[in-house]
Every structure is written in structure tokens, then in C-alpha cells.
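Engineer: This is query.txt, which holds compact mmCIF, C-alpha atoms and all ligand atoms:
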```txt
# COMPACT_ATOMS: atom_id res chain seq x y z
CA MET A 13 8.62 5.20 -21.76
CA SER A 14 9.50 2.87 -24.64
CA THR A 15 10.08 -0.02 -22.19
CA LEU A 16 6.66 0.52 -20.68
CA LEU A 17 5.06 0.59 -24.13
CA ASN A 18 6.91 -2.56 -25.24
CA LYS A 19 5.77 -4.45 -22.16
CA LEU A 20 2.18 -3.29 -22.55
CA HIS A 21 2.05 -4.11 -26.28
CA GLY A 22 3.68 -7.51 -25.81
CA TRP A 23 1.19 -8.38 -23.09
CA TYR A 24 -1.72 -7.34 -25.31
CA GLN A 25 -0.56 -9.46 -28.23
CA GLU A 26 -0.34 -12.51 -25.98
CA ASN A 27 -3.41 -11.99 -23.83
CA HIS A 28 -6.15 -10.04 -25.57
CA ARG A 29 -9.59 -11.50 -25.91
CA LYS A 30 -10.48 -12.72 -29.37
CA LEU A 31 -13.57 -10.74 -30.29
CA PRO A 32 -15.26 -10.54 -33.70
CA TRP A 33 -14.36 -6.85 -34.16
CA ARG A 34 -10.72 -7.27 -33.12
CA ASP A 35 -7.79 -7.84 -35.49
CA ILE A 36 -9.74 -6.34 -38.39
CA ASP A 37 -9.21 -3.03 -40.19
CA ASP A 38 -12.68 -2.41 -41.61
CA PRO A 39 -13.62 1.04 -40.21
CA TYR A 40 -17.36 0.38 -40.67
CA ARG A 41 -17.31 -2.77 -38.52
CA ILE A 42 -15.03 -1.19 -35.92
CA TRP A 43 -17.32 1.85 -35.71
CA LEU A 44 -20.39 -0.39 -35.47
CA SER A 45 -18.84 -2.39 -32.60
CA GLU A 46 -17.85 0.78 -30.74
CA VAL A 47 -21.37 2.21 -30.97
CA ILE A 48 -22.97 -1.07 -29.85
CA LEU A 49 -20.54 -1.42 -26.93
CA GLN A 50 -21.26 2.03 -25.50
CA GLN A 51 -23.20 1.40 -22.26
CA THR A 52 -23.37 -2.32 -23.15
CA ARG A 53 -21.52 -5.37 -21.82
CA ILE A 54 -19.44 -7.37 -24.31
CA ASP A 55 -21.44 -10.58 -23.80
CA GLN A 56 -24.67 -8.75 -24.60
CA GLY A 57 -23.24 -6.60 -27.41
CA THR A 58 -21.62 -9.47 -29.32
CA SER A 59 -24.89 -11.01 -30.53
CA TYR A 60 -26.11 -7.59 -31.67
CA TYR A 61 -22.86 -6.92 -33.51
CA LEU A 62 -23.07 -10.28 -35.32
CA ARG A 63 -26.72 -9.68 -36.19
CA PHE A 64 -25.92 -6.22 -37.60
CA VAL A 65 -23.00 -7.35 -39.76
CA ASP A 66 -25.12 -10.24 -41.00
CA HIS A 67 -27.99 -7.91 -42.02
CA TYR A 68 -25.79 -5.00 -43.12
CA PRO A 69 -22.33 -6.26 -44.15
CA THR A 70 -21.31 -2.83 -45.49
CA VAL A 71 -22.02 0.79 -44.66
CA SER A 72 -24.06 1.03 -47.90
CA ASP A 73 -26.33 -1.80 -46.73
CA LEU A 74 -26.94 0.00 -43.45
CA ALA A 75 -27.60 3.33 -45.19
CA ALA A 76 -30.14 1.70 -47.53
CA ALA A 77 -32.08 0.00 -44.71
CA PRO A 78 -35.34 1.54 -43.42
CA LEU A 79 -34.84 3.18 -40.01
CA ASP A 80 -37.67 1.12 -38.49
CA GLU A 81 -35.86 -2.08 -39.48
CA VAL A 82 -32.61 -0.83 -37.89
CA LEU A 83 -34.47 0.10 -34.69
CA LYS A 84 -36.13 -3.32 -34.62
CA LEU A 85 -32.72 -4.99 -34.86
CA TRP A 86 -31.50 -2.73 -32.05
CA GLU A 87 -34.44 -3.72 -29.82
CA GLY A 88 -33.29 -4.58 -26.28
CA LEU A 89 -30.00 -2.66 -26.40
CA GLY A 90 -31.46 0.64 -25.14
CA TYR A 91 -30.24 4.18 -25.84
CA TYR A 92 -31.96 4.13 -29.23
CA SER A 93 -30.45 7.47 -30.24
CA ARG A 94 -27.29 5.41 -30.94
CA ALA A 95 -29.12 3.44 -33.62
CA ARG A 96 -30.64 6.57 -35.16
CA ASN A 97 -27.26 8.31 -35.27
CA LEU A 98 -25.60 5.20 -36.71
CA HIS A 99 -28.16 5.05 -39.50
CA ARG A 100 -27.97 8.80 -40.22
CA ALA A 101 -24.14 8.71 -40.25
CA ALA A 102 -24.19 5.75 -42.65
CA GLN A 103 -26.43 7.77 -45.00
CA ILE A 104 -24.05 10.75 -44.83
CA ILE A 105 -21.07 8.48 -45.60
CA VAL A 106 -22.86 7.03 -48.63
CA GLN A 107 -24.53 10.18 -49.94
CA GLU A 108 -21.89 12.81 -49.18
CA LEU A 109 -18.56 11.02 -48.66
CA GLY A 110 -18.52 8.58 -51.55
CA GLY A 111 -19.38 5.52 -49.47
CA THR A 112 -16.00 5.36 -47.71
CA PHE A 113 -15.55 5.94 -44.01
CA PRO A 114 -13.58 9.20 -43.70
CA THR A 115 -9.91 9.09 -42.76
CA ASP A 116 -9.48 12.56 -41.27
CA TYR A 117 -10.38 13.39 -37.68
CA LYS A 118 -12.52 16.46 -38.48
CA SER A 119 -14.80 14.58 -40.90
CA VAL A 120 -15.13 11.56 -38.58
CA ARG A 121 -15.94 13.78 -35.58
CA ALA A 122 -18.60 15.63 -37.61
CA LEU A 123 -20.64 12.45 -38.12
CA PRO A 124 -23.73 12.11 -35.89
CA GLY A 125 -23.12 10.23 -32.64
CA ILE A 126 -19.33 10.17 -32.95
CA GLY A 127 -17.47 11.78 -30.05
CA ASP A 128 -13.76 12.06 -29.31
CA TYR A 129 -13.48 8.50 -28.03
CA THR A 130 -15.15 6.83 -31.02
CA ALA A 131 -13.28 9.02 -33.52
CA GLY A 132 -9.95 8.12 -31.90
CA ALA A 133 -10.87 4.44 -31.67
CA VAL A 134 -11.90 4.07 -35.33
CA LEU A 135 -9.02 6.13 -36.74
CA SER A 136 -6.43 4.30 -34.67
CA PHE A 137 -7.82 0.74 -34.88
CA ALA A 138 -8.65 0.91 -38.60
CA TYR A 139 -6.01 3.27 -39.99
CA ASP A 140 -3.33 3.17 -37.27
CA GLN A 141 -3.51 6.94 -36.84
CA PRO A 142 -2.04 8.29 -33.57
CA TYR A 143 -5.20 9.63 -31.92
CA PRO A 144 -5.97 8.81 -28.28
CA ALA A 145 -9.08 6.75 -27.49
CA VAL A 146 -9.90 7.57 -23.88
CA ASP A 147 -12.76 5.58 -22.39
CA GLY A 148 -13.46 4.75 -18.73
CA ASN A 149 -10.92 1.92 -18.75
CA VAL A 150 -8.17 4.18 -20.07
CA LEU A 151 -9.00 6.96 -17.60
CA ARG A 152 -8.64 4.48 -14.74
CA VAL A 153 -5.35 3.05 -16.03
CA LEU A 154 -3.87 6.53 -16.61
CA SER A 155 -4.92 7.81 -13.23
CA ARG A 156 -3.24 4.84 -11.49
CA LEU A 157 -0.23 4.70 -13.78
CA TYR A 158 0.50 8.39 -13.12
CA ALA A 159 -0.78 8.23 -9.50
CA SER A 160 -2.96 11.21 -10.32
CA GLU A 161 -5.61 12.64 -8.00
CA GLU A 162 -7.00 14.75 -10.85
CA PRO A 163 -10.75 13.94 -11.09
CA ILE A 164 -11.75 12.22 -14.30
CA ASP A 165 -15.20 13.80 -14.59
CA THR A 166 -14.31 17.49 -14.95
CA THR A 167 -13.45 19.35 -18.14
CA GLN A 168 -9.97 20.01 -16.79
CA GLY A 169 -9.51 16.35 -15.77
CA LYS A 170 -10.63 15.09 -19.18
CA LYS A 171 -8.17 17.44 -20.88
CA TYR A 172 -5.39 16.33 -18.56
CA TYR A 173 -5.90 12.60 -19.16
CA THR A 174 -6.44 13.07 -22.90
CA ALA A 175 -3.09 14.89 -23.06
CA LEU A 176 -1.40 11.98 -21.23
CA ALA A 177 -3.03 9.45 -23.57
CA LYS A 178 -1.93 11.53 -26.57
CA GLN A 179 1.69 11.58 -25.38
CA LEU A 180 1.66 7.79 -25.09
CA VAL A 181 -0.10 7.01 -28.37
CA GLU A 182 2.17 9.38 -30.31
CA LYS A 183 5.19 7.42 -29.07
CA ALA A 184 3.65 4.04 -29.88
CA PRO A 185 4.93 2.24 -33.01
CA HIS A 186 1.38 0.94 -33.64
CA PRO A 187 -1.20 3.41 -32.35
CA GLY A 188 -4.17 1.09 -32.93
CA LEU A 189 -2.60 -1.76 -31.02
CA HIS A 190 -1.53 0.65 -28.27
CA ASN A 191 -5.04 2.06 -27.73
CA GLN A 192 -6.51 -1.43 -27.66
CA ALA A 193 -3.86 -2.54 -25.17
CA MET A 194 -4.70 0.34 -22.80
CA ILE A 195 -8.41 -0.48 -23.00
CA GLU A 196 -7.78 -4.20 -22.50
CA LEU A 197 -5.50 -3.58 -19.51
CA GLY A 198 -8.29 -1.59 -17.86
CA ALA A 199 -10.87 -4.26 -18.72
CA LEU A 200 -8.88 -7.31 -17.57
CA ILE A 201 -6.22 -6.30 -15.03
CA CYS A 202 -6.54 -2.74 -13.76
CA THR A 203 -10.27 -3.05 -13.10
CA PRO A 204 -12.52 -0.84 -10.96
CA GLN A 205 -12.88 -3.35 -8.16
CA LEU A 206 -9.37 -4.76 -8.21
CA CYS A 207 -5.91 -3.86 -9.40
CA ASP A 208 -4.53 -7.27 -10.22
CA CYS A 209 -1.01 -5.81 -10.03
CA SER A 210 0.73 -9.19 -9.73
CA ARG A 211 -0.36 -9.98 -13.33
CA CYS A 212 0.14 -6.46 -14.70
CA PRO A 213 2.71 -6.00 -17.48
CA VAL A 214 3.57 -2.43 -16.38
CA ARG A 215 3.79 -3.14 -12.67
CA SER A 216 7.44 -2.14 -12.37
CA ASP A 217 6.69 1.28 -13.94
CA CYS A 218 3.54 1.97 -11.93
CA PRO A 219 3.67 4.03 -8.71
CA SER A 220 0.24 2.70 -7.71
CA ALA A 221 1.24 -0.98 -7.90
CA ASP A 222 0.21 -2.96 -4.82
CA SER A 223 -1.05 0.18 -3.12
CA PRO A 224 -4.51 -0.22 -1.56
CA GLU A 225 -5.08 3.57 -1.40
CA ARG A 226 -4.34 4.01 -5.04
CA ALA A 227 -6.73 1.22 -5.93
CA GLY A 228 -9.31 3.90 -4.98
CA LEU A 229 -8.24 5.88 -8.06
CA PRO A 230 -9.57 7.42 -10.21
CA ARG A 231 -11.09 10.30 -8.28
CA LYS A 232 -14.43 11.80 -9.23
CA ALA A 233 -15.47 15.37 -8.44
CA LEU A 234 -19.19 15.02 -8.98
CA LYS A 235 -21.66 12.86 -7.14
CA LEU A 236 -24.36 11.37 -9.34
CA SER A 237 -27.85 12.25 -8.17
CA VAL A 238 -30.46 9.74 -9.30
CA GLN A 239 -34.04 10.99 -9.43
CA PRO A 240 -36.63 8.22 -9.25
CA ARG A 241 -39.26 8.22 -11.96
CA HIS A 242 -42.24 5.87 -12.04
CA LEU A 243 -44.20 5.35 -15.23
CA GLY A 244 -47.53 3.57 -15.08
CA TYR A 245 -49.21 2.14 -18.16
CA LEU A 246 -52.68 1.01 -19.08
CA PHE A 247 -52.89 -1.74 -21.65
CA VAL A 248 -55.87 -0.84 -23.82
CA LEU A 249 -56.85 -3.84 -25.88
CA LYS A 250 -59.01 -3.91 -28.96
CA ARG A 251 -60.86 -7.09 -29.79
CA THR A 252 -60.85 -8.21 -33.41
CA SER A 253 -62.57 -11.31 -34.79
CA ASP A 254 -59.88 -13.74 -33.64
CA HIS A 255 -57.33 -11.92 -31.47
CA TRP A 256 -56.56 -8.96 -29.23
CA GLN A 257 -54.59 -5.94 -30.40
CA THR A 258 -52.70 -3.66 -27.97
CA ILE A 259 -53.14 0.04 -28.66
CA LEU A 260 -49.74 1.78 -28.68
CA TYR A 261 -48.64 5.39 -28.96
CA GLN A 262 -45.35 6.79 -30.21
CA ARG A 263 -43.39 8.62 -27.52
CA PRO A 264 -42.33 12.24 -28.13
CA THR A 265 -38.74 13.29 -28.77
CA GLY A 266 -36.69 15.09 -26.10
CA ASP A 267 -37.18 12.38 -23.45
CA ILE A 268 -36.16 8.77 -22.86
CA TRP A 269 -37.31 6.21 -25.42
CA ALA A 270 -37.86 8.98 -28.01
CA LYS A 271 -40.15 7.86 -30.85
CA LEU A 272 -40.54 4.34 -29.44
CA TYR A 273 -43.99 2.88 -28.91
CA GLN A 274 -45.66 2.49 -25.54
CA PRO A 275 -49.11 1.58 -24.18
CA THR A 276 -51.38 4.33 -22.82
CA LEU A 277 -49.41 6.33 -20.24
CA LEU A 278 -51.32 6.57 -16.94
CA TYR A 279 -48.78 8.49 -14.88
CA ASP A 280 -45.17 9.70 -14.96
CA GLN A 281 -44.20 10.83 -11.46
CA PRO A 282 -41.28 10.74 -9.01
CA VAL A 283 -43.37 8.54 -6.66
CA ALA A 284 -45.68 5.74 -7.72
CA PRO A 285 -49.33 6.26 -6.70
CA GLN A 286 -50.44 4.03 -3.86
CA GLU A 287 -53.85 2.99 -5.28
CA GLU A 288 -54.07 -0.60 -6.35
CA LEU A 289 -55.28 -1.42 -9.82
CA LEU A 290 -57.66 -4.26 -10.24
CA LEU A 291 -56.46 -6.79 -12.78
CA GLN A 292 -59.07 -8.81 -14.56
CA PRO A 293 -58.44 -11.89 -16.70
CA LEU A 294 -59.40 -11.38 -20.32
CA PRO A 295 -62.32 -13.29 -21.81
CA GLU A 296 -61.66 -15.29 -24.97
CA PRO A 297 -61.95 -13.08 -28.06
S1 LIG A 301 0.39 -2.05 -11.55
FE1 LIG A 301 -1.63 -2.27 -10.66
S2 LIG A 301 -2.41 -0.15 -10.42
FE2 LIG A 301 -0.66 -0.08 -11.82
S3 LIG A 301 -1.56 -0.19 -13.88
FE3 LIG A 301 -1.02 -2.28 -13.26
S4 LIG A 301 -2.89 -3.13 -12.30
FE4 LIG A 301 -3.12 -0.89 -12.42
```
Rewrite the structure from the file as C-alpha cells, please.
Ligand code: SF4

Structural biologist:
Amino acid sequence: MSTLLNKLHGWYQENHRKLPWRDIDDPYRIWLSEVILQQTRIDQGTSYYLRFVDHYPTVSDLAAAPLDEVLKLWEGLGYYSRARNLHRAAQIIVQELGGTFPTDYKSVRALPGIGDYTAGAVLSFAYDQPYPAVDGNVLRVLSRLYASEEPIDTTQGKKYYTALAKQLVEKAPHPGLHNQAMIELGALICTPQLCDCSRCPVRSDCPSADSPERAGLPRKALKLSVQPRHLGYLFVLKRTSDHWQTILYQRPTGDIWAKLYQPTLLYDQPVAPQEELLLQPLPEP
């Protein structure tokens, strides 16, 4: 196993992408980047990350900011509960944990919005602690590297792959570098569409190398069922002396876009109504 780890770590040091949150050990910035990059592409997330560290260079700056300001800065990224949890967790760190990002797994995991992956990522990247950080990239790499048919989307499968990742990270001389190398391998070489095995540093240790069937790994047990939902809005405008104002309402919690503002909701149905709405140009105010 040590040969495999050496090859993987050497490849990472030579080939990893230079990103603003890489090669740093500030847990606040690492945490911030991980939250921004959930469900977000790197090219889109980078500008948000830079904007956040510019506005809030430290966790204390983020904790002191009004939530509305944080949400405004988050605008366009979606999944706004991430921003709310980030802000709430920053306040807990400042008010209850002395302003320092915790160093023990239990305290990190107890913060709002931090799951097993983010806890493992921050503790390993920032403090070099040997916790696994198992995201979609790592699940794919592990499933191919161990030629495993175990589905990745069941409780049992998640436990199985987390145990494999734990075995590897506990043997790694630098756990933070190791976790980043696994993620980077999945992002650059062992990708969903293509196993670029000819460029892979662990090719000689991988039973799935150059195997078209195994490129179909990882397996999933559940099929995602997508329910269509059509929301129709009416823009109600109020005329003032020199401009138009749009009347907005705050959305309820417990649904998408919780607490965000929207125009007057006309309908929210699985199928869009067929009637056509007549659109009229506005007169000058
Ligand atoms: S050899 Fe191919 S299948 Fe195996 S880990 Fe590398 S890229 Fe993935």
C-alpha cells in the first residue's frame, strides 16, 4: 500500500491545480471554500470565494456581518441554507469557541452545516489530522481502485467506502495531502465519463485499469426520481413619482429558496397551466 500512496502523493505534488484555497492551512478559509464548492463548479465558486475572503478575511468578520449582507454576497450560488449555516457556525465559533476553529472532530461536526466530508476535509487539510474526506470523486476512485460493486448511495455502501478511505488516510504520512490527492485524482483523471488510465499514477495497482466495464463504476442502488414543478409569478408594480417598484414577498421556510424574496406567486404546480398571459408594455411612470 505504501507504494500506491507514494505514487499518488508524488503525482499530486506535481500535477494539482493551483487554487486560492490550496496550499494554505487556515481552517476558516478551507471551510469557506468547501462550503462554497458544494454543488458548485470550481470556475463559478472561485469568484465567490475571493469575494468572501475579501469582505470577511477572518471568521470574526463573517460572524459580525449582518445575515442579509452575507446572503446578498451569496446571491447566484443557490442552496442558501449553506450561507445561513456558514454565518451561524461563524457566530458559534466566535461566541462559544473563543474565535478559533475547533480542532477536534466532535466539535467540528457539531457546527451547523458541517457533515462528515467537510469535517474530514477541514481537519485533514488544515491540521493534517487523519480523518477521511469522502466526496463523490473519492467514492468513484475507491470503487474503481478496489473494483467494488458495492453501491455508493446506500448506508452500507457509504460505511464501506468510508472504512476504505480511513484505512488509506491512516497510513498516509501527510493525511491532508493524501485526501486532496484522492479528490484531485477523481476530478482530473478518474472522472465519471472517462478513466484516463494511461495518465493515472496508480494504474499498476488498479484492477479496473483499462477495463471498459469497470469504467461503469461506481454502482448506484437508487434511481433518482425528478418531479417537475412549475412556479408562475405575477410582477406587481407600484408607480412612484419617478420610477416603478416591484412588490416582493419573503418565501416561507421548509421549502426551496427559504426566506428569499419573490414576486407574487400565481401558481406552484407539477404542470404549467396552458392559458396564455397577456403581456402589456408599461407606460412611462
Ligand atoms: S487506473 Fe484508471 S480506473 Fe484505476 S484509478 Fe486510475 S484512472 Fe481510475

Engineer: Nearest to A:Ala221 among A:Thr166, A:Gln239, A:Gln262, A:Ser155, with distances taken over only C-alpha atoms: which residue is it?

Structural biologist: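 Looking only at the distances to A:Ala221, the closest residue turns out to be A:Ser155.
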
Engineer: Give me, as a PDB file with C-alpha atoms, in the coordinates of the input, the set of residues whose atoms come within 6 Å of any atom of ligand LIG 301 (chain A), counting only C-alpha atoms and all ligand atoms.

Structural biologist:
```pdb
ATOM      1  CA  VAL A 153      -5.350   3.050 -16.030  1.00  0.00           C
ATOM      2  CA  ARG A 156      -3.240   4.840 -11.490  1.00  0.00           C
ATOM      3  CA  LEU A 157      -0.230   4.700 -13.780  1.00  0.00           C
ATOM      4  CA  ILE A 201      -6.220  -6.300 -15.030  1.00  0.00           C
ATOM      5  CA  CYS A 202      -6.540  -2.740 -13.760  1.00  0.00           C
ATOM      6  CA  CYS A 207      -5.910  -3.860  -9.400  1.00  0.00           C
ATOM      7  CA  ASP A 208      -4.530  -7.270 -10.220  1.00  0.00           C
ATOM      8  CA  CYS A 209      -1.010  -5.810 -10.030  1.00  0.00           C
ATOM      9  CA  CYS A 212       0.140  -6.460 -14.700  1.00  0.00           C
ATOM     10  CA  VAL A 214       3.570  -2.430 -16.380  1.00  0.00           C
ATOM     11  CA  ARG A 215       3.790  -3.140 -12.670  1.00  0.00           C
ATOM     12  CA  CYS A 218       3.540   1.970 -11.930  1.00  0.00           C
ATOM     13  CA  SER A 220       0.240   2.700  -7.710  1.00  0.00           C
ATOM     14  CA  ALA A 221       1.240  -0.980  -7.900  1.00  0.00           C
TER      15      ALA A 221
END
```

Engineer: Tell me, as a ChimeraX atom specification, which residues lie within 9 Å of A:Lys170, counting only C-alpha atoms; anything in the same chain fewer than 6 positions away does not count.

Structural biologist: /A:146,151,163-164

Engineer: Neighbours of A:Tyr61 within 12 Å (all atoms listed in the file; same-chain residues fewer than 3 positions away dropped), as a list in words?

Structural biologist: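 Skipping anything fewer than 3 positions along the chain leaves Leu31, Pro32, Trp33, Tyr40, Arg41, Ile42, Trp43, Leu44, Ser45, Glu46, Val47, Ile48, Leu49, Thr52, Arg53, Ile54, Asp55, Gln56, Gly57, Thr58, Phe64, Val65, Asp66, His67, Tyr68, Pro69, Leu85, Trp86 and Leu89 of chain A.
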
Engineer: Pick out the closest residue to A:Pro213 from this set: A:Pro114, A:Gly90, A:Glu225, A:Leu197. Count only C-alpha atoms.

Structural biologist: A:Leu197

Engineer: Quick one: residues within 6 Å of stretch 97-110 of chain A, all atoms listed in the file counted, chain neighbours fewer than 6 positions away excluded, as a list in words?

Structural biologist: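 What passes the distance filter is Val71, Ala75, Leu123, Pro124 and Gly125 of chain A.
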
Engineer: Around stretch 39-43 of chain A, with edges along x, y and z and 4 Å added on all six sides, what centre and edge lengths do you get, in Å to one decimal, as JSON?

Structural biologist:
```
{"center_x": -15.5, "center_y": -0.5, "center_z": -38.2, "size_x": 11.7, "size_y": 12.6, "size_z": 13.0}
```

Engineer: Would you mind reading off the distance between atom CA of A:Arg231 and atom CA of A:Thr130, one decimal, in Å?

Structural biologist: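 Between atom CA of A:Arg231 and atom CA of A:Thr130 the gap is 23.4 Å.
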
Engineer: What is the distance, in Å and to one decimal place, between atom CA of A:Gly228 and atom CA of A:Ala199?

Structural biologist: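 It comes out at 16.1 Å.
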
Engineer: Quote the spacing between atom CA of A:His186 and atom CA of A:Gln141 in Å to one decimal place.

Structural biologist: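 So the two atoms, atom CA of A:His186 and atom CA of A:Gln141, lie 8.4 Å apart.
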
Engineer: Find the residues near A:Gly244: any atom within 12 Å, counting only C-alpha atoms, skip ones fewer than 4 places away on the same chain, and give them as JSON, numbers by chain.

Structural biologist: {"A": [274, 275, 276, 277, 278, 279, 280, 281, 282, 283, 284, 285, 286, 287, 288, 289]}

Engineer: With distances taken over only C-alpha atoms, which of A:Val181, A:Ala233, A:Ala76, A:Leu200 is nearest to A:Phe137?

Structural biologist: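 Ranked by minimum distance to A:Phe137, first place goes to A:Val181.
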
Engineer: Of the residues A:Leu260, A:Ile268, A:Ala184, A:Gln192, which is the one nearest to A:Leu16, using all atoms listed in the file?

Structural biologist: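 Closest to A:Leu16, using all atoms listed in the file: A:Ala184.
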
Engineer: Identify which of the residues A:Asp80, A:Glu87, A:Asp37, A:Glu26 lies closest to A:Asp140, counting only C-alpha atoms when measuring atom-to-atom distances.

Structural biologist: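 Using only C-alpha atoms, A:Asp140 sits closest to A:Asp37.
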
Engineer: Using only C-alpha atoms for the distances, tell me which of A:Leu236, A:Ala193, A:Ala131, A:Ala95 is nearest to A:Pro78.

Structural biologist: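 Between A:Leu236, A:Ala193, A:Ala131, A:Ala95, the residue approaching A:Pro78 most closely is A:Ala95.
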